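What follows is one structure encoded as structure tokens, with my remarks underneath.
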Amino acid sequence: MKKLFISFIGLIALLTGCNQGASSEDIANLAYEWEKANFDRDYEQQQKYIYEEGSYEAYKGDEKIDSGLKYGDIRYEIYFDERIERYYIFTDFKNPNGENSVEDNIVLRKKDEEWKVDTSESLDIVRKDISEKFAREACINCK
């Protein structure tokens, strides 16, 4: 009976862990790659990460640069909505191309088994609403 109970608990833990399919670190890495592509003005790289083809045309035709943006320069606050399977990531960092601070909101949706940036939904995010509605899954590079 004890082995059955332990197996049952293990199965629940496994199913719970498999529900999202991505670790917080994977999600933060994707957010970093998206931010890096934007600040490097790398149109081709941006297109790899967007959910809806043609929904983000920033820097099309611009010359790429190396912004110097590093993963460790960004604070990532990650939330997950299980009901509609969306990740909400708040990124905060100093603009590597200027003097201002950047507070970006990113929504990730699953498309063909990959997480992609939904640029349209990202525009509608209110941080306070998300942080009040969902438990924070992770905060990476938080001090």
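Residue names in the structure tokens use chain letters A, B, ... in the order shown, residue numbers from 1 in each chain, and ligand numbers from 1 in the order shown.
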Distance query A:Asp104 at most 12 Å, only C-alpha atoms, self and fewer than 3 positions along chain excluded, as a compact mmCIF listing (two decimals) with N, CA, C and O atoms, in the first residue's frame:
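Below you can see part03.txt, which holds the result:
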# COMPACT_ATOMS: atom_id res chain seq x y z
N ALA A 31 13.19 34.63 -24.10
CA ALA A 31 12.97 36.08 -23.94
C ALA A 31 14.26 36.84 -24.24
O ALA A 31 14.24 37.89 -24.90
N TYR A 32 15.40 36.32 -23.78
CA TYR A 32 16.69 36.96 -24.05
C TYR A 32 16.97 36.98 -25.56
O TYR A 32 17.38 38.02 -26.11
N TRP A 34 14.93 36.95 -27.99
CA TRP A 34 14.03 37.92 -28.61
C TRP A 34 14.54 39.35 -28.38
O TRP A 34 14.63 40.15 -29.32
N GLU A 35 14.88 39.67 -27.15
CA GLU A 35 15.37 41.01 -26.83
C GLU A 35 16.67 41.29 -27.58
O GLU A 35 16.87 42.38 -28.12
N ASN A 38 16.05 42.10 -31.15
CA ASN A 38 15.51 43.46 -31.28
C ASN A 38 16.58 44.52 -31.13
O ASN A 38 16.66 45.45 -31.94
N ILE A 74 19.63 41.35 -17.93
CA ILE A 74 18.17 41.44 -17.95
C ILE A 74 17.57 40.75 -16.73
O ILE A 74 17.98 39.66 -16.36
N ARG A 75 16.58 41.40 -16.15
CA ARG A 75 15.78 40.81 -15.07
C ARG A 75 14.54 40.22 -15.74
O ARG A 75 13.86 40.90 -16.50
N TYR A 76 14.26 38.93 -15.48
CA TYR A 76 13.13 38.22 -16.09
C TYR A 76 12.14 37.83 -15.00
O TYR A 76 12.48 37.07 -14.09
N GLU A 77 10.92 38.31 -15.11
CA GLU A 77 9.85 37.91 -14.19
C GLU A 77 8.87 37.10 -15.03
O GLU A 77 8.34 37.60 -16.03
N TYR A 88 3.84 34.91 -19.61
CA TYR A 88 4.00 36.36 -19.57
C TYR A 88 5.37 36.61 -18.95
O TYR A 88 5.65 36.16 -17.85
N ILE A 89 6.21 37.33 -19.67
CA ILE A 89 7.55 37.61 -19.18
C ILE A 89 7.74 39.11 -19.16
O ILE A 89 7.52 39.79 -20.17
N PHE A 90 8.15 39.62 -18.01
CA PHE A 90 8.49 41.03 -17.88
C PHE A 90 10.00 41.11 -17.86
O PHE A 90 10.66 40.48 -17.03
N THR A 91 10.56 41.86 -18.80
CA THR A 91 12.00 42.04 -18.84
C THR A 91 12.33 43.49 -18.52
O THR A 91 11.69 44.40 -19.04
N ASP A 92 13.31 43.67 -17.66
CA ASP A 92 13.76 45.01 -17.27
C ASP A 92 15.28 45.06 -17.43
O ASP A 92 15.98 44.17 -16.94
N PHE A 93 15.77 46.12 -18.09
CA PHE A 93 17.20 46.26 -18.30
C PHE A 93 17.52 47.65 -18.81
O PHE A 93 16.63 48.39 -19.23
N LYS A 94 18.79 48.00 -18.78
CA LYS A 94 19.26 49.26 -19.31
C LYS A 94 19.44 49.09 -20.82
O LYS A 94 20.04 48.11 -21.27
N ASN A 95 18.91 50.01 -21.58
CA ASN A 95 19.03 49.97 -23.03
C ASN A 95 20.50 49.97 -23.43
O ASN A 95 21.22 50.92 -23.14
N SER A 101 16.03 53.18 -19.45
CA SER A 101 15.71 51.84 -18.97
C SER A 101 14.59 51.26 -19.82
O SER A 101 13.74 51.99 -20.32
N VAL A 107 4.63 38.08 -24.43
CA VAL A 107 3.68 36.98 -24.32
C VAL A 107 4.16 35.87 -25.23
O VAL A 107 4.45 36.09 -26.41
N THR A 119 3.52 39.18 -30.71
CA THR A 119 3.79 40.61 -30.63
C THR A 119 2.51 41.41 -30.40
O THR A 119 2.55 42.43 -29.72
N SER A 122 1.43 40.97 -26.73
CA SER A 122 2.43 41.58 -25.86
C SER A 122 2.14 43.06 -25.62
O SER A 122 2.47 43.61 -24.57
N LEU A 123 1.52 43.71 -26.60
CA LEU A 123 1.21 45.14 -26.48
C LEU A 123 0.13 45.42 -25.45
O LEU A 123 0.07 46.52 -24.91
N ASP A 124 -0.74 44.45 -25.19
CA ASP A 124 -1.90 44.66 -24.33
C ASP A 124 -1.68 44.30 -22.87
O ASP A 124 -2.61 44.35 -22.08
N ILE A 125 -0.47 43.95 -22.50
CA ILE A 125 -0.20 43.46 -21.14
C ILE A 125 -0.09 44.62 -20.15
O ILE A 125 0.61 45.61 -20.40
N VAL A 126 -0.77 44.46 -19.04
CA VAL A 126 -0.64 45.38 -17.91
C VAL A 126 0.01 44.57 -16.79
O VAL A 126 -0.59 43.62 -16.28
N ARG A 127 1.21 44.93 -16.43
CA ARG A 127 1.98 44.15 -15.46
C ARG A 127 1.23 43.92 -14.15
O ARG A 127 1.23 42.81 -13.63
Just the strand (DSSP E or B) stuff from stretch 60-110 of chain A, please, per backbone DSSP, written as a list in words.
->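 Selection result, strand (DSSP E or B) within stretch 60-110 of chain A: Arg75, Tyr76, Glu77, Ile78, Tyr79, Phe80, Asp81, Arg86, Tyr87, Tyr88, Ile89, Phe90, Thr91, Asp92, Phe93, Lys94, Ser101, Val102, Glu103, Asp104, Asn105, Ile106, Val107, Leu108, Arg109 and Lys110 of chain A.
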Selection near A:Tyr56, 10 Å with only C-alpha atoms, sequence-local residues under 6 positions removed, as JSON, numbers by chain = {"A": [43, 46, 47, 50, 117, 118, 119, 120]}
Could the residues in this selection be written to a file with N, CA, C and O atoms, as a PDB file, in the first residue's frame?
ATOM      1  N   TYR A  43      16.594  41.679 -38.104  1.00  0.00           N
ATOM      2  CA  TYR A  43      15.265  41.342 -38.621  1.00  0.00           C
ATOM      3  C   TYR A  43      15.101  39.843 -38.858  1.00  0.00           C
ATOM      4  O   TYR A  43      14.090  39.261 -38.467  1.00  0.00           O
ATOM      5  N   GLN A  46      14.679  38.030 -35.573  1.00  0.00           N
ATOM      6  CA  GLN A  46      13.369  38.331 -34.984  1.00  0.00           C
ATOM      7  C   GLN A  46      12.297  37.407 -35.555  1.00  0.00           C
ATOM      8  O   GLN A  46      11.444  36.908 -34.826  1.00  0.00           O
ATOM      9  N   GLN A  47      12.362  37.193 -36.854  1.00  0.00           N
ATOM     10  CA  GLN A  47      11.325  36.408 -37.532  1.00  0.00           C
ATOM     11  C   GLN A  47      11.274  34.962 -37.045  1.00  0.00           C
ATOM     12  O   GLN A  47      10.233  34.323 -37.103  1.00  0.00           O
ATOM     13  N   ILE A  50       8.766  34.984 -33.789  1.00  0.00           N
ATOM     14  CA  ILE A  50       7.402  35.515 -33.732  1.00  0.00           C
ATOM     15  C   ILE A  50       6.352  34.459 -34.041  1.00  0.00           C
ATOM     16  O   ILE A  50       6.562  33.552 -34.835  1.00  0.00           O
ATOM     17  N   VAL A 117       6.831  34.341 -29.683  1.00  0.00           N
ATOM     18  CA  VAL A 117       6.432  35.648 -29.179  1.00  0.00           C
ATOM     19  C   VAL A 117       5.215  36.136 -29.951  1.00  0.00           C
ATOM     20  O   VAL A 117       5.253  36.236 -31.177  1.00  0.00           O
ATOM     21  N   ASP A 118       4.154  36.415 -29.216  1.00  0.00           N
ATOM     22  CA  ASP A 118       2.960  36.998 -29.823  1.00  0.00           C
ATOM     23  C   ASP A 118       3.080  38.512 -29.658  1.00  0.00           C
ATOM     24  O   ASP A 118       2.805  39.060 -28.593  1.00  0.00           O
ATOM     25  N   THR A 119       3.524  39.176 -30.713  1.00  0.00           N
ATOM     26  CA  THR A 119       3.789  40.608 -30.631  1.00  0.00           C
ATOM     27  C   THR A 119       2.511  41.413 -30.403  1.00  0.00           C
ATOM     28  O   THR A 119       2.554  42.435 -29.719  1.00  0.00           O
ATOM     29  N   SER A 120       1.393  40.959 -30.931  1.00  0.00           N
ATOM     30  CA  SER A 120       0.123  41.677 -30.747  1.00  0.00           C
ATOM     31  C   SER A 120      -0.340  41.597 -29.302  1.00  0.00           C
ATOM     32  O   SER A 120      -0.689  42.619 -28.697  1.00  0.00           O
TER      33      SER A 120
END
re atom CA of A:Phe134 and atom CA of A:Asp81: distance 7.0 Å
Nearby residues (only C-alpha atoms) at most 10 Å from A:Asn97, same-chain spacing under 2 positions excluded, as JSON, numbers by chain | {"A": [39, 40, 65, 66, 67, 68, 69, 94, 95, 99, 100]}
Next, the residues of the selection above should be written as a compact mmCIF listing (two decimals), in the first residue's frame with C-alpha atoms.
# COMPACT_ATOMS: atom_id res chain seq x y z
CA PHE A 39 18.38 45.45 -29.85
CA ASP A 40 20.79 44.07 -32.47
CA ILE A 65 24.51 45.95 -35.02
CA ASP A 66 25.98 44.23 -31.98
CA SER A 67 24.17 45.81 -29.04
CA GLY A 68 26.28 43.93 -26.50
CA LEU A 69 23.12 42.90 -24.62
CA LYS A 94 19.26 49.26 -19.31
CA ASN A 95 19.03 49.97 -23.03
CA GLU A 99 20.68 55.74 -21.65
CA ASN A 100 17.07 54.81 -20.88
Residue with smallest distance to A:Lys110 - pool A:Lys143, A:Lys60, A:Arg86, A:Lys133, counting only C-alpha atoms | A:Arg86
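Note that DSSP on the backbone gives helix (DSSP H, G or I) to these residues of stretch 15-62 of chain A: Leu15, Thr16, Gly17, Cys18, Ser24, Glu25, Asp26, Ile27, Ala28, Asn29, Leu30, Ala31, Tyr32, Glu33, Trp34, Glu35, Lys36, Ala37, Asn38, Phe39, Tyr43, Glu44, Gln45, Gln46, Gln47, Lys48 and Tyr49 of chain A.
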Expected file contents, prior selection, N, CA and C atoms, as a PDB file, in the first residue's frame:
ATOM      1  N   LEU A  15       3.093  14.447 -13.814  1.00  0.00           N
ATOM      2  CA  LEU A  15       2.082  15.081 -14.653  1.00  0.00           C
ATOM      3  C   LEU A  15       2.047  16.581 -14.461  1.00  0.00           C
ATOM      4  N   THR A  16       2.201  17.030 -13.256  1.00  0.00           N
ATOM      5  CA  THR A  16       2.228  18.462 -12.979  1.00  0.00           C
ATOM      6  C   THR A  16       3.433  19.103 -13.653  1.00  0.00           C
ATOM      7  N   GLY A  17       4.570  18.474 -13.568  1.00  0.00           N
ATOM      8  CA  GLY A  17       5.781  18.995 -14.179  1.00  0.00           C
ATOM      9  C   GLY A  17       5.735  18.993 -15.692  1.00  0.00           C
ATOM     10  N   CYS A  18       5.048  18.057 -16.285  1.00  0.00           N
ATOM     11  CA  CYS A  18       4.972  17.958 -17.738  1.00  0.00           C
ATOM     12  C   CYS A  18       3.933  18.880 -18.333  1.00  0.00           C
ATOM     13  N   SER A  24      11.630  27.429 -16.534  1.00  0.00           N
ATOM     14  CA  SER A  24      11.736  28.889 -16.431  1.00  0.00           C
ATOM     15  C   SER A  24      12.993  29.381 -17.141  1.00  0.00           C
ATOM     16  N   GLU A  25      14.064  28.612 -17.058  1.00  0.00           N
ATOM     17  CA  GLU A  25      15.310  28.992 -17.719  1.00  0.00           C
ATOM     18  C   GLU A  25      15.150  28.976 -19.242  1.00  0.00           C
ATOM     19  N   ASP A  26      14.419  27.973 -19.763  1.00  0.00           N
ATOM     20  CA  ASP A  26      14.157  27.932 -21.207  1.00  0.00           C
ATOM     21  C   ASP A  26      13.365  29.157 -21.648  1.00  0.00           C
ATOM     22  N   ILE A  27      12.370  29.520 -20.854  1.00  0.00           N
ATOM     23  CA  ILE A  27      11.525  30.673 -21.178  1.00  0.00           C
ATOM     24  C   ILE A  27      12.351  31.962 -21.107  1.00  0.00           C
ATOM     25  N   ALA A  28      13.184  32.103 -20.078  1.00  0.00           N
ATOM     26  CA  ALA A  28      14.042  33.286 -19.957  1.00  0.00           C
ATOM     27  C   ALA A  28      15.031  33.350 -21.127  1.00  0.00           C
ATOM     28  N   ASN A  29      15.580  32.212 -21.535  1.00  0.00           N
ATOM     29  CA  ASN A  29      16.500  32.187 -22.675  1.00  0.00           C
ATOM     30  C   ASN A  29      15.811  32.639 -23.952  1.00  0.00           C
ATOM     31  N   LEU A  30      14.581  32.198 -24.156  1.00  0.00           N
ATOM     32  CA  LEU A  30      13.826  32.628 -25.331  1.00  0.00           C
ATOM     33  C   LEU A  30      13.562  34.132 -25.276  1.00  0.00           C
ATOM     34  N   ALA A  31      13.190  34.633 -24.105  1.00  0.00           N
ATOM     35  CA  ALA A  31      12.975  36.080 -23.941  1.00  0.00           C
ATOM     36  C   ALA A  31      14.264  36.840 -24.240  1.00  0.00           C
ATOM     37  N   TYR A  32      15.400  36.318 -23.775  1.00  0.00           N
ATOM     38  CA  TYR A  32      16.689  36.958 -24.055  1.00  0.00           C
ATOM     39  C   TYR A  32      16.970  36.983 -25.557  1.00  0.00           C
ATOM     40  N   GLU A  33      16.784  35.858 -26.221  1.00  0.00           N
ATOM     41  CA  GLU A  33      17.052  35.790 -27.660  1.00  0.00           C
ATOM     42  C   GLU A  33      16.184  36.798 -28.421  1.00  0.00           C
ATOM     43  N   TRP A  34      14.931  36.948 -27.988  1.00  0.00           N
ATOM     44  CA  TRP A  34      14.031  37.917 -28.606  1.00  0.00           C
ATOM     45  C   TRP A  34      14.538  39.348 -28.375  1.00  0.00           C
ATOM     46  N   GLU A  35      14.877  39.670 -27.145  1.00  0.00           N
ATOM     47  CA  GLU A  35      15.366  41.014 -26.833  1.00  0.00           C
ATOM     48  C   GLU A  35      16.674  41.295 -27.579  1.00  0.00           C
ATOM     49  N   LYS A  36      17.564  40.316 -27.602  1.00  0.00           N
ATOM     50  CA  LYS A  36      18.850  40.478 -28.289  1.00  0.00           C
ATOM     51  C   LYS A  36      18.628  40.752 -29.776  1.00  0.00           C
ATOM     52  N   ALA A  37      17.741  39.999 -30.415  1.00  0.00           N
ATOM     53  CA  ALA A  37      17.442  40.223 -31.831  1.00  0.00           C
ATOM     54  C   ALA A  37      16.903  41.635 -32.056  1.00  0.00           C
ATOM     55  N   ASN A  38      16.054  42.104 -31.146  1.00  0.00           N
ATOM     56  CA  ASN A  38      15.506  43.460 -31.284  1.00  0.00           C
ATOM     57  C   ASN A  38      16.583  44.521 -31.133  1.00  0.00           C
ATOM     58  N   PHE A  39      17.397  44.408 -30.108  1.00  0.00           N
ATOM     59  CA  PHE A  39      18.384  45.446 -29.853  1.00  0.00           C
ATOM     60  C   PHE A  39      19.590  45.349 -30.781  1.00  0.00           C
ATOM     61  N   TYR A  43      16.594  41.679 -38.104  1.00  0.00           N
ATOM     62  CA  TYR A  43      15.265  41.342 -38.621  1.00  0.00           C
ATOM     63  C   TYR A  43      15.101  39.843 -38.858  1.00  0.00           C
ATOM     64  N   GLU A  44      16.080  39.221 -39.460  1.00  0.00           N
ATOM     65  CA  GLU A  44      15.992  37.786 -39.759  1.00  0.00           C
ATOM     66  C   GLU A  44      15.865  36.961 -38.481  1.00  0.00           C
ATOM     67  N   GLN A  45      16.618  37.319 -37.463  1.00  0.00           N
ATOM     68  CA  GLN A  45      16.558  36.604 -36.194  1.00  0.00           C
ATOM     69  C   GLN A  45      15.199  36.816 -35.516  1.00  0.00           C
ATOM     70  N   GLN A  46      14.679  38.030 -35.573  1.00  0.00           N
ATOM     71  CA  GLN A  46      13.369  38.331 -34.984  1.00  0.00           C
ATOM     72  C   GLN A  46      12.297  37.407 -35.555  1.00  0.00           C
ATOM     73  N   GLN A  47      12.362  37.193 -36.854  1.00  0.00           N
ATOM     74  CA  GLN A  47      11.325  36.408 -37.532  1.00  0.00           C
ATOM     75  C   GLN A  47      11.274  34.962 -37.045  1.00  0.00           C
ATOM     76  N   LYS A  48      12.378  34.445 -36.519  1.00  0.00           N
ATOM     77  CA  LYS A  48      12.417  33.078 -35.997  1.00  0.00           C
ATOM     78  C   LYS A  48      11.573  32.925 -34.736  1.00  0.00           C
ATOM     79  N   TYR A  49      11.354  34.029 -34.039  1.00  0.00           N
ATOM     80  CA  TYR A  49      10.720  33.962 -32.725  1.00  0.00           C
ATOM     81  C   TYR A  49       9.261  34.399 -32.706  1.00  0.00           C
TER      82      TYR A  49
END
